[in-house]
Amino acid sequence: MKIRPFRLAVLSLSLLIPAALCAVVLFLVLYSGQAMIFNGLHFLTEVNWDLGDLYSDPVVTRGIQVPPGANYGILVFVVGTLASSAIAIIIAVPLAVGAAIFLAEIIPPKIRPILSMLVELIAVVPSVVFGLWGIAILVPFIGRYLSPDGNGYGLLAASIVLALMITPIIASTLLDALMQVPKENRESAFALGATHFEVVCKAMLPMVRATLVGGIVLALGRALGETMAVLMVSGGGLNILPTSLFSPISTIASFIAGQLDSAEGDPTNMSVRALAEIALVLFVITLAVNACAKLLTSGALRVRKRA
């Protein structure tokens with residue numbers, strides 16, 4: 001079989017992304033290997049994160065040098081990541097669906113491109129800008145009017161900031177899908193006596209269910225991995241599980257960014273290896289979310305085909 005240069009070039013380019021992904025995963029596994037041995041399964045179930053005494057002589061535990069008193073538990077960060085992302089999705093999905101339907105069905109066609117472009121522009125605003133807005137506007141508002149202890153930093157602030165960041169992603173994805181729904185479907189539903197609400201809910205949204213799920217997963221991936229905006233408004237909760245919407249939290253991504261400078265002061269380098277293990281956990285969570293979305297999307301497609 002003769003391999004043409006063009007096919008070979010395209011094949012090589014197509015393999016770059018999975019190769020880069022495998023390289024990153026391999027690096028994380030190898031680099032965090034000693035941390036996995038030291039931490040064991042307690043890494044996922046313990047609440048306490050303590051770098052130990054970085055200025056004393058290292059001790060040997062399980063054949064690995066670590067600072068005295070070092071303990072690495074990430075349950076707080078896993079809970080903070082999942083809770084903030086879940087609340088953000090709960091807030092963002094109704095807003096995004098409503099915005100997409102409004103732009104597709106209510107707005108006159110002449111001004112629809114302008115408004116849809118504005119929605120898409122929000123998606124490219126740097127996360128640090130959302131963080132600054134959260135510090136200047138959102139946190140004082142929550143602290144003054146909502147929080148019982150007057151502290152606006154915490155789970156609610158982080159979730160709202162994340163929701164604002166991911167709403168345009170879902171809205172723009174759903175809008176494009178709604179605009180592709182055949183006009184015949186809408187006209188047939190109207191001809192049968194359906195109201196505008198029924199046309200949208202029963203004739204249009206079921207056709208774009210798979211696209212909606214894909215947009216939600218894309219937004220959820222952004223929320224799970226968001227760093228700076230969450231770091232600025234989350235309150236940096238450490239070694240305590242959140243008990244309310246106003247509790248300070250730390251997510252996995254924001255904790256890695258905030259803790260890296262301190263971890264680099266560890267002479268045994270175990271703290272940095274533990275952060276690499278946290279990054280590996282975040283990767284596994286993201287992979288699991290995408291796998292679930294794939295299953296949901298496949299189910300939506302099967303339902304659509306049977307219909």
# chains A, B, ... in the order shown; residues from 1 in each chain; ligands from 1
call {"tool": "residues_around", "arguments": {"residues": "Gly154 in chain A", "least_positions_apart": "3", "cutoff": "8 Å", "atoms": "only C-alpha atoms", "output": "list in words"}}
result
Asn151, Ala157, Ala158, Val233, Ser234, Gly235, Gly236, Gly237, Leu245, Phe246, Ser247, Pro248 and Ile249 of chain A
call {"tool": "select_by_dssp", "arguments": {"residues": "range 186-275 of chain A", "states": "alpha helix (DSSP H)", "output": "VMD selection string"}}
result
chain A and resid 186 to 191 196 to 198 209 to 225 228 to 233 252 to 263 270 to 275
call {"tool": "write_last_selection", "arguments": {"atoms": "C-alpha atoms", "output": "PDB file, in the first residue's frame"}}
result
ATOM      1  CA  ARG A 186     -41.494  24.823  13.525  1.00  0.00           C
ATOM      2  CA  GLU A 187     -44.158  25.458  10.902  1.00  0.00           C
ATOM      3  CA  SER A 188     -45.610  21.973  11.307  1.00  0.00           C
ATOM      4  CA  ALA A 189     -45.883  22.436  15.062  1.00  0.00           C
ATOM      5  CA  PHE A 190     -47.591  25.807  14.625  1.00  0.00           C
ATOM      6  CA  ALA A 191     -49.950  24.277  12.068  1.00  0.00           C
ATOM      7  CA  HIS A 196     -44.750  29.290  20.746  1.00  0.00           C
ATOM      8  CA  PHE A 197     -43.654  27.838  24.078  1.00  0.00           C
ATOM      9  CA  GLU A 198     -44.683  24.338  23.013  1.00  0.00           C
ATOM     10  CA  ARG A 209     -30.470  17.827  23.061  1.00  0.00           C
ATOM     11  CA  ALA A 210     -27.116  16.305  22.184  1.00  0.00           C
ATOM     12  CA  THR A 211     -25.672  19.729  21.354  1.00  0.00           C
ATOM     13  CA  LEU A 212     -26.968  21.128  24.636  1.00  0.00           C
ATOM     14  CA  VAL A 213     -25.330  18.305  26.581  1.00  0.00           C
ATOM     15  CA  GLY A 214     -22.084  18.915  24.700  1.00  0.00           C
ATOM     16  CA  GLY A 215     -22.185  22.622  25.509  1.00  0.00           C
ATOM     17  CA  ILE A 216     -22.848  21.929  29.183  1.00  0.00           C
ATOM     18  CA  VAL A 217     -19.910  19.526  29.355  1.00  0.00           C
ATOM     19  CA  LEU A 218     -17.661  22.035  27.617  1.00  0.00           C
ATOM     20  CA  ALA A 219     -18.707  24.661  30.149  1.00  0.00           C
ATOM     21  CA  LEU A 220     -18.256  22.230  33.027  1.00  0.00           C
ATOM     22  CA  GLY A 221     -14.719  21.524  31.873  1.00  0.00           C
ATOM     23  CA  ARG A 222     -14.026  25.265  31.958  1.00  0.00           C
ATOM     24  CA  ALA A 223     -15.481  25.506  35.460  1.00  0.00           C
ATOM     25  CA  LEU A 224     -13.533  22.529  36.811  1.00  0.00           C
ATOM     26  CA  GLY A 225     -10.216  23.907  35.575  1.00  0.00           C
ATOM     27  CA  MET A 228      -7.451  32.799  38.810  1.00  0.00           C
ATOM     28  CA  ALA A 229     -11.058  33.977  39.094  1.00  0.00           C
ATOM     29  CA  VAL A 230     -11.851  31.320  41.702  1.00  0.00           C
ATOM     30  CA  LEU A 231      -8.609  31.978  43.575  1.00  0.00           C
ATOM     31  CA  MET A 232      -9.550  35.656  43.894  1.00  0.00           C
ATOM     32  CA  VAL A 233     -13.058  35.209  45.344  1.00  0.00           C
ATOM     33  CA  ILE A 252      -8.069  21.944  42.945  1.00  0.00           C
ATOM     34  CA  ALA A 253      -6.870  24.307  40.216  1.00  0.00           C
ATOM     35  CA  SER A 254      -6.855  27.421  42.409  1.00  0.00           C
ATOM     36  CA  PHE A 255      -5.079  25.586  45.230  1.00  0.00           C
ATOM     37  CA  ILE A 256      -2.309  24.393  42.913  1.00  0.00           C
ATOM     38  CA  ALA A 257      -1.748  27.959  41.714  1.00  0.00           C
ATOM     39  CA  GLY A 258      -1.822  29.423  45.207  1.00  0.00           C
ATOM     40  CA  GLN A 259       0.270  26.725  46.858  1.00  0.00           C
ATOM     41  CA  LEU A 260       3.001  26.260  44.265  1.00  0.00           C
ATOM     42  CA  ASP A 261       5.239  29.019  45.594  1.00  0.00           C
ATOM     43  CA  SER A 262       5.218  27.567  49.132  1.00  0.00           C
ATOM     44  CA  ALA A 263       5.635  24.012  47.844  1.00  0.00           C
ATOM     45  CA  MET A 270       7.559  16.120  47.973  1.00  0.00           C
ATOM     46  CA  SER A 271       5.130  19.047  48.172  1.00  0.00           C
ATOM     47  CA  VAL A 272       5.454  19.741  44.447  1.00  0.00           C
ATOM     48  CA  ARG A 273       5.025  16.037  43.722  1.00  0.00           C
ATOM     49  CA  ALA A 274       1.860  16.056  45.820  1.00  0.00           C
ATOM     50  CA  LEU A 275       0.567  18.987  43.761  1.00  0.00           C
TER      51      LEU A 275
END
call {"tool": "residues_around", "arguments": {"residues": "range 115-132 of chain A", "least_positions_apart": "6", "cutoff": "12 Å", "atoms": "only C-alpha atoms", "output": "MDAnalysis selection string"}}
result
chainID A and resid 95:96 99:104 106:109 138:140 153 157:176 179 219 222:223 225:234
call {"tool": "closest_residue", "arguments": {"among": "A:Pro68, A:Pro242, A:Gly152, A:Pro267", "to": "Val47 in chain A", "atoms": "only C-alpha atoms"}}
result
A:Pro242
call {"tool": "residues_around", "arguments": {"residues": "Thr268 in chain A", "least_positions_apart": "6", "cutoff": "12 Å", "atoms": "only C-alpha atoms", "output": "list in words"}}
result
Gln34, Ala35, Leu51, Gly52, Asp53, Leu54, Tyr55, Ser56, Asp57, Pro58, Val59, Val60, Ile64, Gln65, Val66, Pro67, Pro68, Ala70 and Ala274 of chain A
call {"tool": "closest_residue", "arguments": {"among": "A:Gly80, A:Phe43, A:Val200, A:Leu15", "to": "Val281 in chain A", "atoms": "only C-alpha atoms"}}
result
A:Phe43
call {"tool": "atom_distance", "arguments": {"atom1": "CA of Val76 in chain A", "atom2": "CA of Ile240 in chain A"}}
result
6.5 Å
call {"tool": "atom_distance", "arguments": {"atom1": "CA of Thr61 in chain A", "atom2": "CA of Phe38 in chain A"}}
result
7.2 Å
call {"tool": "select_by_dssp", "arguments": {"residues": "range 61-290 of chain A", "states": "strand (DSSP E)", "output": "ChimeraX atom specification"}}
result
/A:61,64-66,71-72
call {"tool": "decode", "arguments": {"residues": "range 41-52 of chain A", "atoms": "all heavy atoms", "output": "mmCIF file, in the first residue's frame"}}
result
data_model
loop_
_atom_site.group_PDB
_atom_site.id
_atom_site.type_symbol
_atom_site.label_atom_id
_atom_site.label_comp_id
_atom_site.auth_asym_id
_atom_site.auth_seq_id
_atom_site.Cartn_x
_atom_site.Cartn_y
_atom_site.Cartn_z
ATOM 1 N N LEU A 41 -4.132 5.799 49.617
ATOM 2 C CA LEU A 41 -5.519 6.178 49.341
ATOM 3 C C LEU A 41 -6.020 7.249 50.293
ATOM 4 O O LEU A 41 -7.047 7.883 50.025
ATOM 5 C CB LEU A 41 -6.425 4.944 49.425
ATOM 6 C CG LEU A 41 -6.192 3.877 48.348
ATOM 7 C CD1 LEU A 41 -7.124 2.692 48.572
ATOM 8 C CD2 LEU A 41 -6.394 4.453 46.949
ATOM 9 N N HIS A 42 -5.306 7.465 51.409
ATOM 10 C CA HIS A 42 -5.721 8.512 52.345
ATOM 11 C C HIS A 42 -5.617 9.899 51.717
ATOM 12 O O HIS A 42 -6.180 10.861 52.237
ATOM 13 C CB HIS A 42 -4.864 8.456 53.609
ATOM 14 C CG HIS A 42 -5.002 7.170 54.367
ATOM 15 N ND1 HIS A 42 -6.164 6.824 55.014
ATOM 16 C CD2 HIS A 42 -4.141 6.144 54.561
ATOM 17 C CE1 HIS A 42 -6.015 5.657 55.606
ATOM 18 N NE2 HIS A 42 -4.792 5.208 55.346
ATOM 19 N N PHE A 43 -4.903 10.001 50.631
ATOM 20 C CA PHE A 43 -4.761 11.267 49.914
ATOM 21 C C PHE A 43 -6.127 11.831 49.528
ATOM 22 O O PHE A 43 -6.340 13.050 49.553
ATOM 23 C CB PHE A 43 -3.906 11.033 48.670
ATOM 24 C CG PHE A 43 -3.589 12.264 47.882
ATOM 25 C CD1 PHE A 43 -2.737 13.238 48.377
ATOM 26 C CD2 PHE A 43 -4.119 12.442 46.615
ATOM 27 C CE1 PHE A 43 -2.430 14.362 47.642
ATOM 28 C CE2 PHE A 43 -3.819 13.561 45.870
ATOM 29 C CZ PHE A 43 -2.972 14.529 46.386
ATOM 30 N N LEU A 44 -7.057 10.948 49.179
ATOM 31 C CA LEU A 44 -8.369 11.374 48.705
ATOM 32 C C LEU A 44 -9.395 11.542 49.815
ATOM 33 O O LEU A 44 -10.444 12.153 49.593
ATOM 34 C CB LEU A 44 -8.911 10.365 47.680
ATOM 35 C CG LEU A 44 -8.091 10.182 46.404
ATOM 36 C CD1 LEU A 44 -8.646 9.029 45.584
ATOM 37 C CD2 LEU A 44 -8.091 11.466 45.580
ATOM 38 N N THR A 45 -9.113 11.007 50.992
ATOM 39 C CA THR A 45 -10.118 11.001 52.055
ATOM 40 C C THR A 45 -9.771 11.897 53.233
ATOM 41 O O THR A 45 -10.639 12.178 54.058
ATOM 42 C CB THR A 45 -10.313 9.561 52.572
ATOM 43 O OG1 THR A 45 -9.062 9.047 53.054
ATOM 44 C CG2 THR A 45 -10.824 8.658 51.456
ATOM 45 N N GLU A 46 -8.542 12.359 53.325
ATOM 46 C CA GLU A 46 -8.157 13.210 54.455
ATOM 47 C C GLU A 46 -8.418 14.679 54.140
ATOM 48 O O GLU A 46 -8.335 15.114 52.990
ATOM 49 C CB GLU A 46 -6.682 13.001 54.804
ATOM 50 C CG GLU A 46 -6.402 11.673 55.469
ATOM 51 C CD GLU A 46 -4.990 11.601 56.024
ATOM 52 O OE1 GLU A 46 -4.252 12.600 55.892
ATOM 53 O OE2 GLU A 46 -4.632 10.539 56.574
ATOM 54 N N VAL A 47 -8.712 15.431 55.184
ATOM 55 C CA VAL A 47 -9.023 16.854 55.053
ATOM 56 C C VAL A 47 -7.784 17.721 55.243
ATOM 57 O O VAL A 47 -7.663 18.791 54.656
ATOM 58 C CB VAL A 47 -10.124 17.236 56.068
ATOM 59 C CG1 VAL A 47 -10.369 18.741 56.055
ATOM 60 C CG2 VAL A 47 -11.409 16.481 55.776
ATOM 61 N N ASN A 48 -6.853 17.256 56.053
ATOM 62 C CA ASN A 48 -5.721 18.082 56.451
ATOM 63 C C ASN A 48 -4.629 18.118 55.377
ATOM 64 O O ASN A 48 -4.208 17.078 54.869
ATOM 65 C CB ASN A 48 -5.125 17.547 57.754
ATOM 66 C CG ASN A 48 -4.009 18.434 58.278
ATOM 67 O OD1 ASN A 48 -4.163 19.654 58.359
ATOM 68 N ND2 ASN A 48 -2.890 17.840 58.632
ATOM 69 N N TRP A 49 -4.191 19.328 55.028
ATOM 70 C CA TRP A 49 -3.039 19.535 54.144
ATOM 71 C C TRP A 49 -1.998 20.333 54.914
ATOM 72 O O TRP A 49 -2.241 21.462 55.326
ATOM 73 C CB TRP A 49 -3.445 20.278 52.872
ATOM 74 C CG TRP A 49 -2.291 20.609 51.964
ATOM 75 C CD1 TRP A 49 -1.423 21.644 52.089
ATOM 76 C CD2 TRP A 49 -1.876 19.888 50.808
ATOM 77 N NE1 TRP A 49 -0.496 21.620 51.080
ATOM 78 C CE2 TRP A 49 -0.745 20.548 50.268
ATOM 79 C CE3 TRP A 49 -2.347 18.751 50.157
ATOM 80 C CZ2 TRP A 49 -0.097 20.110 49.123
ATOM 81 C CZ3 TRP A 49 -1.701 18.310 49.021
ATOM 82 C CH2 TRP A 49 -0.592 18.986 48.505
ATOM 83 N N ASP A 50 -0.840 19.728 55.116
ATOM 84 C CA ASP A 50 0.209 20.367 55.920
ATOM 85 C C ASP A 50 1.551 20.072 55.262
ATOM 86 O O ASP A 50 1.913 18.903 55.071
ATOM 87 C CB ASP A 50 0.184 19.828 57.349
ATOM 88 C CG ASP A 50 1.127 20.603 58.282
ATOM 89 O OD1 ASP A 50 1.877 21.476 57.791
ATOM 90 O OD2 ASP A 50 1.098 20.333 59.495
ATOM 91 N N LEU A 51 2.288 21.127 54.889
ATOM 92 C CA LEU A 51 3.594 20.941 54.264
ATOM 93 C C LEU A 51 4.643 20.442 55.247
ATOM 94 O O LEU A 51 5.704 19.969 54.829
ATOM 95 C CB LEU A 51 4.068 22.255 53.635
ATOM 96 C CG LEU A 51 3.217 22.822 52.502
ATOM 97 C CD1 LEU A 51 3.851 24.103 51.964
ATOM 98 C CD2 LEU A 51 3.033 21.815 51.385
ATOM 99 N N GLY A 52 4.362 20.510 56.536
ATOM 100 C CA GLY A 52 5.327 20.077 57.531
ATOM 101 C C GLY A 52 6.353 21.162 57.830
ATOM 102 O O GLY A 52 6.255 22.306 57.377
#
